[in-house]
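Asks: So that you have it, the file is final-v5.csv, and it contains CSV, C-alpha atoms:
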chain,number,residue,atom,x,y,z
A,626,MET,CA,1.6,17.6,-7.0
A,627,LEU,CA,5.0,17.3,-8.5
A,628,ASP,CA,6.4,13.9,-9.5
A,629,ASP,CA,9.9,13.2,-10.9
A,630,PHE,CA,9.6,10.0,-13.0
A,631,ARG,CA,13.3,10.0,-13.9
A,632,SER,CA,15.4,7.7,-11.7
A,633,ASP,CA,18.8,8.8,-13.1
A,634,ASP,CA,18.7,12.3,-11.6
A,635,GLY,CA,20.0,13.7,-14.9
A,636,LEU,CA,23.1,11.5,-15.0
A,637,GLY,CA,24.3,9.8,-18.1
A,638,MET,CA,25.1,6.1,-18.5
A,639,ASP,CA,28.7,6.7,-17.3
A,640,GLY,CA,27.5,8.5,-14.1
A,641,ARG,CA,28.5,12.0,-15.2
A,642,GLN,CA,26.1,14.9,-15.5
A,643,GLN,CA,24.5,15.2,-18.9
A,644,ARG,CA,25.2,18.4,-20.8
A,645,GLY,CA,22.4,20.8,-21.0
A,646,ARG,CA,20.3,19.1,-18.3
A,647,ARG,CA,20.1,19.9,-14.7
A,648,PRO,CA,18.7,17.3,-12.2
A,649,ASN,CA,14.9,17.6,-11.6
A,650,ASP,CA,14.3,20.1,-14.4
A,651,ASP,CA,11.5,18.1,-16.1
A,652,ARG,CA,8.9,18.0,-13.3
A,653,LEU,CA,5.3,17.1,-14.2
A,654,VAL,CA,2.6,19.4,-12.7
A,655,ASP,CA,-0.8,18.0,-11.9
A,656,ARG,CA,-3.4,20.5,-12.9
A,657,GLU,CA,-7.1,20.6,-13.8
A,658,VAL,CA,-7.9,20.9,-17.5
A,659,PRO,CA,-11.4,22.2,-18.3
A,660,LEU,CA,-13.2,19.9,-20.8
A,661,PRO,CA,-15.1,21.6,-23.6
A,662,LEU,CA,-18.8,20.8,-24.1
A,663,GLN,CA,-19.3,18.0,-26.7
A,664,GLU,CA,-22.7,19.1,-27.9
A,665,PRO,CA,-24.4,22.5,-27.8
A,666,THR,CA,-27.4,21.0,-25.9
A,667,GLU,CA,-25.2,20.0,-22.9
A,668,ARG,CA,-25.4,22.3,-20.0
A,669,ALA,CA,-22.3,23.5,-18.2
A,670,PHE,CA,-21.6,22.0,-14.7
A,671,PRO,CA,-21.8,24.9,-12.2
A,672,ALA,CA,-18.7,25.8,-10.3
A,673,ALA,CA,-20.7,25.7,-7.0
A,674,ILE,CA,-21.3,22.0,-7.5
A,675,HIS,CA,-17.6,21.5,-8.0
A,676,ALA,CA,-16.9,23.4,-4.8
A,677,TRP,CA,-19.5,21.4,-2.9
A,678,LEU,CA,-18.1,18.0,-4.2
A,679,ASP,CA,-14.6,19.2,-3.2
A,680,GLY,CA,-16.0,20.0,0.3
A,681,GLU,CA,-15.5,23.7,0.0
A,682,LEU,CA,-19.2,24.7,0.3
A,683,PRO,CA,-22.0,23.4,2.4
A,684,GLU,CA,-24.9,21.6,0.8
A,685,ALA,CA,-27.4,24.3,1.7
A,686,ALA,CA,-25.4,26.9,-0.3
A,687,VAL,CA,-25.6,24.7,-3.4
A,688,ARG,CA,-29.1,23.4,-3.2
A,689,LYS,CA,-30.6,26.7,-4.5
A,690,GLY,CA,-32.2,27.2,-7.9
A,691,GLY,CA,-31.3,24.9,-10.8
A,692,THR,CA,-28.5,23.1,-9.0
A,693,ALA,CA,-30.9,21.1,-6.7
A,694,ARG,CA,-31.2,18.4,-9.4
A,695,ASP,CA,-27.4,18.1,-9.5
A,696,VAL,CA,-27.1,17.9,-5.7
A,697,ASP,CA,-29.8,15.2,-5.6
A,698,PHE,CA,-28.0,13.2,-8.4
A,699,TRP,CA,-24.7,13.3,-6.6
A,700,ARG,CA,-26.3,12.4,-3.2
A,701,ARG,CA,-27.9,9.3,-4.9
A,702,LEU,CA,-24.7,8.4,-6.6
A,703,ASN,CA,-22.7,8.7,-3.3
A,704,ALA,CA,-25.3,6.5,-1.6
A,705,GLU,CA,-25.1,3.9,-4.3
A,706,VAL,CA,-21.3,3.9,-4.2
A,707,ASP,CA,-21.3,3.6,-0.4
A,708,GLY,CA,-23.6,0.6,-0.7
A,709,ARG,CA,-21.4,-1.1,-3.3
A,710,ARG,CA,-18.3,-0.5,-1.1
A,711,ARG,CA,-20.0,-2.5,1.7
A,712,VAL,CA,-20.6,-5.5,-0.6
A,713,HIS,CA,-18.2,-8.4,0.2
A,714,ALA,CA,-17.7,-11.8,-1.4
A,715,PRO,CA,-19.0,-14.8,0.6
A,716,VAL,CA,-16.5,-16.3,3.0
A,717,SER,CA,-16.6,-19.6,1.2
A,718,LEU,CA,-15.6,-18.1,-2.1
A,719,GLU,CA,-11.9,-18.1,-1.4
A,720,ALA,CA,-12.0,-21.7,-0.3
A,721,ARG,CA,-14.0,-22.7,-3.5
A,722,ILE,CA,-11.4,-20.9,-5.7
A,723,MET,CA,-8.5,-22.5,-4.0
A,724,ALA,CA,-10.1,-26.0,-4.3
A,725,ALA,CA,-10.7,-25.5,-8.0
A,726,LEU,CA,-7.0,-24.8,-8.7
A,727,PRO,CA,-5.0,-27.8,-9.8
A,728,GLN,CA,-2.7,-29.4,-7.3
A,729,THR,CA,0.1,-30.1,-9.8
A,730,ALA,CA,1.8,-27.9,-12.3
A,731,PRO,CA,0.3,-28.3,-15.8
A,732,GLN,CA,2.2,-30.3,-18.4
A,733,LEU,CA,3.6,-28.6,-21.4
A,734,ILE,CA,1.6,-29.5,-24.5
A,735,THR,CA,3.8,-30.6,-27.4
A,736,PRO,CA,2.9,-29.1,-30.7
A,737,TRP,CA,1.3,-31.3,-33.4
A,738,PHE,CA,4.4,-31.3,-35.6
A,739,ARG,CA,6.6,-32.7,-32.7
A,740,ARG,CA,4.2,-35.5,-31.6
A,741,GLU,CA,4.8,-39.1,-32.5
A,742,PHE,CA,3.3,-40.1,-35.8
A,743,VAL,CA,1.6,-43.5,-35.5
A,744,VAL,CA,0.2,-45.3,-38.6
A,745,THR,CA,-2.2,-48.1,-38.0
A,746,PRO,CA,-2.9,-50.7,-40.7
A,747,ALA,CA,-6.4,-49.4,-41.2
A,748,SER,CA,-5.3,-45.8,-41.7
A,749,ALA,CA,-2.5,-46.9,-44.1
A,750,MET,CA,-5.0,-48.8,-46.2
A,751,ALA,CA,-7.5,-45.9,-46.2
A,752,ALA,CA,-4.7,-43.5,-47.3
A,753,VAL,CA,-3.6,-45.9,-50.1
A,754,ALA,CA,-7.2,-46.3,-51.3
A,755,GLY,CA,-7.7,-42.5,-51.3
A,756,LEU,CA,-4.4,-42.0,-53.2
A,757,VAL,CA,-5.5,-44.6,-55.8
A,758,ALA,CA,-8.9,-42.9,-56.2
A,759,VAL,CA,-7.4,-39.4,-56.6
A,760,THR,CA,-4.9,-40.7,-59.2
A,761,ALA,CA,-7.6,-42.5,-61.1
A,762,ILE,CA,-9.8,-39.3,-61.2
A,763,ALA,CA,-6.8,-37.2,-62.3
A,764,THR,CA,-5.9,-39.7,-65.0
A,765,ILE,CA,-9.5,-39.7,-66.4
A,766,ALA,CA,-9.6,-35.9,-66.4
A,767,LEU,CA,-6.3,-35.7,-68.3
A,768,MET,CA,-7.4,-38.3,-70.9
A,769,GLN,CA,-10.6,-36.4,-71.6
A,770,LEU,CA,-8.6,-33.2,-72.3
What is this file in structure tokens?
Replies:
Amino acid sequence: MLDDFRSDDGLGMDGRQQRGRRPNDDRLVDREVPLPLQEPTERAFPAAIHAWLDGELPEAAVRKGGTARDVDFWRRLNAEVDGRRRVHAPVSLEARIMAALPQTAPQLITPWFRREFVVTPASAMAAVAGLVAVTAIATIALMQL
């Protein structure tokens, strides 16, 4: 598979051909890269299993010897995946989701530092009392030093 991800076809910003570059000279090639074994106890995956999974070999040719376990594993995995592909959400789920969405656009929340600052008489008296108390404690601490 060859993909050309460049949309400029080798042209510069002014529409002229860039020097040293030909159009479509940087093609990406899709290829299989073998993965090394992570631990020495891992066993290599037989090439016959790869060929069977790709549809190149019949199952009977692969089910011989030590690969029978691998074939059984992949058969069970395919059966599980097929079962999960057939699972559908209930018909009423879409209606419940749409009903839960708000009907109006949400209001922008103003940050705390832009909100109106309201001082009630009770909160003003509490702030003054707290300021007097802190000042008295600071004065006593300074006098003792």
Asks: Got a sec to check which residues sit within 12 Å of (-26.6, 15.0, -7.7), counting all atoms listed in the file, and write them as an MDAnalysis selection string?
Replies: chainID A and resid 670:671 674:675 677:678 684 687:688 691:705
Asks: In Å, how far is it from CA of Val706 (chain A) to CA of Val658 (chain A)?
Replies: 25.4 Å
Asks: Any idea what the distance is between CA of Leu733 (chain A) and CA of Arg721 (chain A)?
Replies: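 That distance, rounded to one decimal, is 25.8 Å.
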Asks: In Å, rounded to a single decimal, give me how far CA of Ala758 (chain A) is from CA of Val744 (chain A).
Replies: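 According to the coordinates, CA of Val744 (chain A) and CA of Ala758 (chain A) are separated by 20.0 Å.
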Asks: Reconstruct N, CA and C atoms of region 663-699 of chain A from the incomplete input and present them as a compact mmCIF listing (two decimals), keeping the file's coordinate frame.
Replies:
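After the write, result30.txt holds the following:
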# COMPACT_ATOMS: atom_id res chain seq x y z
N GLN A 663 -19.30 18.82 -25.44
CA GLN A 663 -19.30 18.00 -26.70
C GLN A 663 -20.40 18.44 -27.62
N GLU A 664 -21.57 18.73 -27.08
CA GLU A 664 -22.70 19.10 -27.90
C GLU A 664 -23.26 20.44 -27.37
N PRO A 665 -23.85 21.24 -28.24
CA PRO A 665 -24.40 22.50 -27.80
C PRO A 665 -25.56 22.35 -26.80
N THR A 666 -26.21 21.16 -26.79
CA THR A 666 -27.40 21.00 -25.90
C THR A 666 -26.94 20.64 -24.49
N GLU A 667 -25.69 20.28 -24.27
CA GLU A 667 -25.20 20.00 -22.90
C GLU A 667 -25.12 21.26 -22.11
N ARG A 668 -25.46 21.15 -20.84
CA ARG A 668 -25.40 22.30 -20.00
C ARG A 668 -24.08 22.29 -19.21
N ALA A 669 -23.55 23.44 -18.92
CA ALA A 669 -22.30 23.50 -18.20
C ALA A 669 -22.53 23.09 -16.73
N PHE A 670 -21.55 22.46 -16.14
CA PHE A 670 -21.60 22.00 -14.70
C PHE A 670 -21.25 23.22 -13.88
N PRO A 671 -22.12 23.66 -12.99
CA PRO A 671 -21.80 24.90 -12.20
C PRO A 671 -20.61 24.74 -11.31
N ALA A 672 -19.92 25.83 -11.14
CA ALA A 672 -18.70 25.80 -10.30
C ALA A 672 -19.08 25.57 -8.84
N ALA A 673 -20.30 25.95 -8.43
CA ALA A 673 -20.70 25.70 -7.00
C ALA A 673 -20.81 24.23 -6.75
N ILE A 674 -21.24 23.43 -7.73
CA ILE A 674 -21.30 22.00 -7.50
C ILE A 674 -19.91 21.42 -7.38
N HIS A 675 -18.99 21.90 -8.17
CA HIS A 675 -17.60 21.50 -8.00
C HIS A 675 -17.08 21.78 -6.62
N ALA A 676 -17.36 22.97 -6.16
CA ALA A 676 -16.90 23.40 -4.80
C ALA A 676 -17.55 22.51 -3.75
N TRP A 677 -18.85 22.20 -3.90
CA TRP A 677 -19.50 21.40 -2.90
C TRP A 677 -18.95 19.94 -2.92
N LEU A 678 -18.69 19.39 -4.11
CA LEU A 678 -18.10 18.00 -4.20
C LEU A 678 -16.71 18.02 -3.61
N ASP A 679 -15.98 19.11 -3.73
CA ASP A 679 -14.60 19.20 -3.20
C ASP A 679 -14.66 19.46 -1.66
N GLY A 680 -15.85 19.75 -1.09
CA GLY A 680 -16.00 20.00 0.30
C GLY A 680 -15.73 21.44 0.71
N GLU A 681 -15.74 22.33 -0.26
CA GLU A 681 -15.50 23.70 0.00
C GLU A 681 -16.73 24.52 0.36
N LEU A 682 -17.91 24.03 -0.03
CA LEU A 682 -19.20 24.70 0.30
C LEU A 682 -20.12 23.75 0.96
N PRO A 683 -20.99 24.28 1.84
CA PRO A 683 -22.00 23.40 2.40
C PRO A 683 -23.10 23.09 1.44
N GLU A 684 -23.82 22.01 1.70
CA GLU A 684 -24.90 21.60 0.80
C GLU A 684 -25.97 22.63 0.66
N ALA A 685 -26.30 23.29 1.74
CA ALA A 685 -27.40 24.30 1.70
C ALA A 685 -27.07 25.43 0.77
N ALA A 686 -25.80 25.78 0.62
CA ALA A 686 -25.40 26.90 -0.30
C ALA A 686 -25.58 26.49 -1.73
N VAL A 687 -25.53 25.20 -2.02
CA VAL A 687 -25.60 24.70 -3.40
C VAL A 687 -26.96 24.32 -3.83
N ARG A 688 -27.83 24.00 -2.89
CA ARG A 688 -29.10 23.40 -3.20
C ARG A 688 -30.13 24.50 -3.67
N LYS A 689 -29.71 25.68 -4.03
CA LYS A 689 -30.60 26.70 -4.50
C LYS A 689 -30.78 26.67 -6.00
N GLY A 690 -31.95 27.02 -6.48
CA GLY A 690 -32.20 27.20 -7.90
C GLY A 690 -32.06 25.91 -8.71
N GLY A 691 -31.38 26.03 -9.85
CA GLY A 691 -31.30 24.90 -10.80
C GLY A 691 -30.27 23.85 -10.41
N THR A 692 -29.50 24.07 -9.37
CA THR A 692 -28.50 23.10 -9.00
C THR A 692 -29.05 22.02 -8.05
N ALA A 693 -30.31 22.13 -7.63
CA ALA A 693 -30.90 21.10 -6.70
C ALA A 693 -30.92 19.76 -7.37
N ARG A 694 -31.19 19.71 -8.66
CA ARG A 694 -31.20 18.40 -9.40
C ARG A 694 -29.79 17.78 -9.34
N ASP A 695 -28.78 18.61 -9.54
CA ASP A 695 -27.40 18.10 -9.50
C ASP A 695 -27.03 17.58 -8.14
N VAL A 696 -27.44 18.30 -7.10
CA VAL A 696 -27.10 17.90 -5.70
C VAL A 696 -27.83 16.54 -5.45
N ASP A 697 -29.09 16.42 -5.86
CA ASP A 697 -29.80 15.20 -5.60
C ASP A 697 -29.14 14.01 -6.39
N PHE A 698 -28.71 14.28 -7.62
CA PHE A 698 -28.00 13.20 -8.40
C PHE A 698 -26.77 12.76 -7.69
N TRP A 699 -25.93 13.70 -7.23
CA TRP A 699 -24.70 13.30 -6.60
C TRP A 699 -24.92 12.66 -5.22
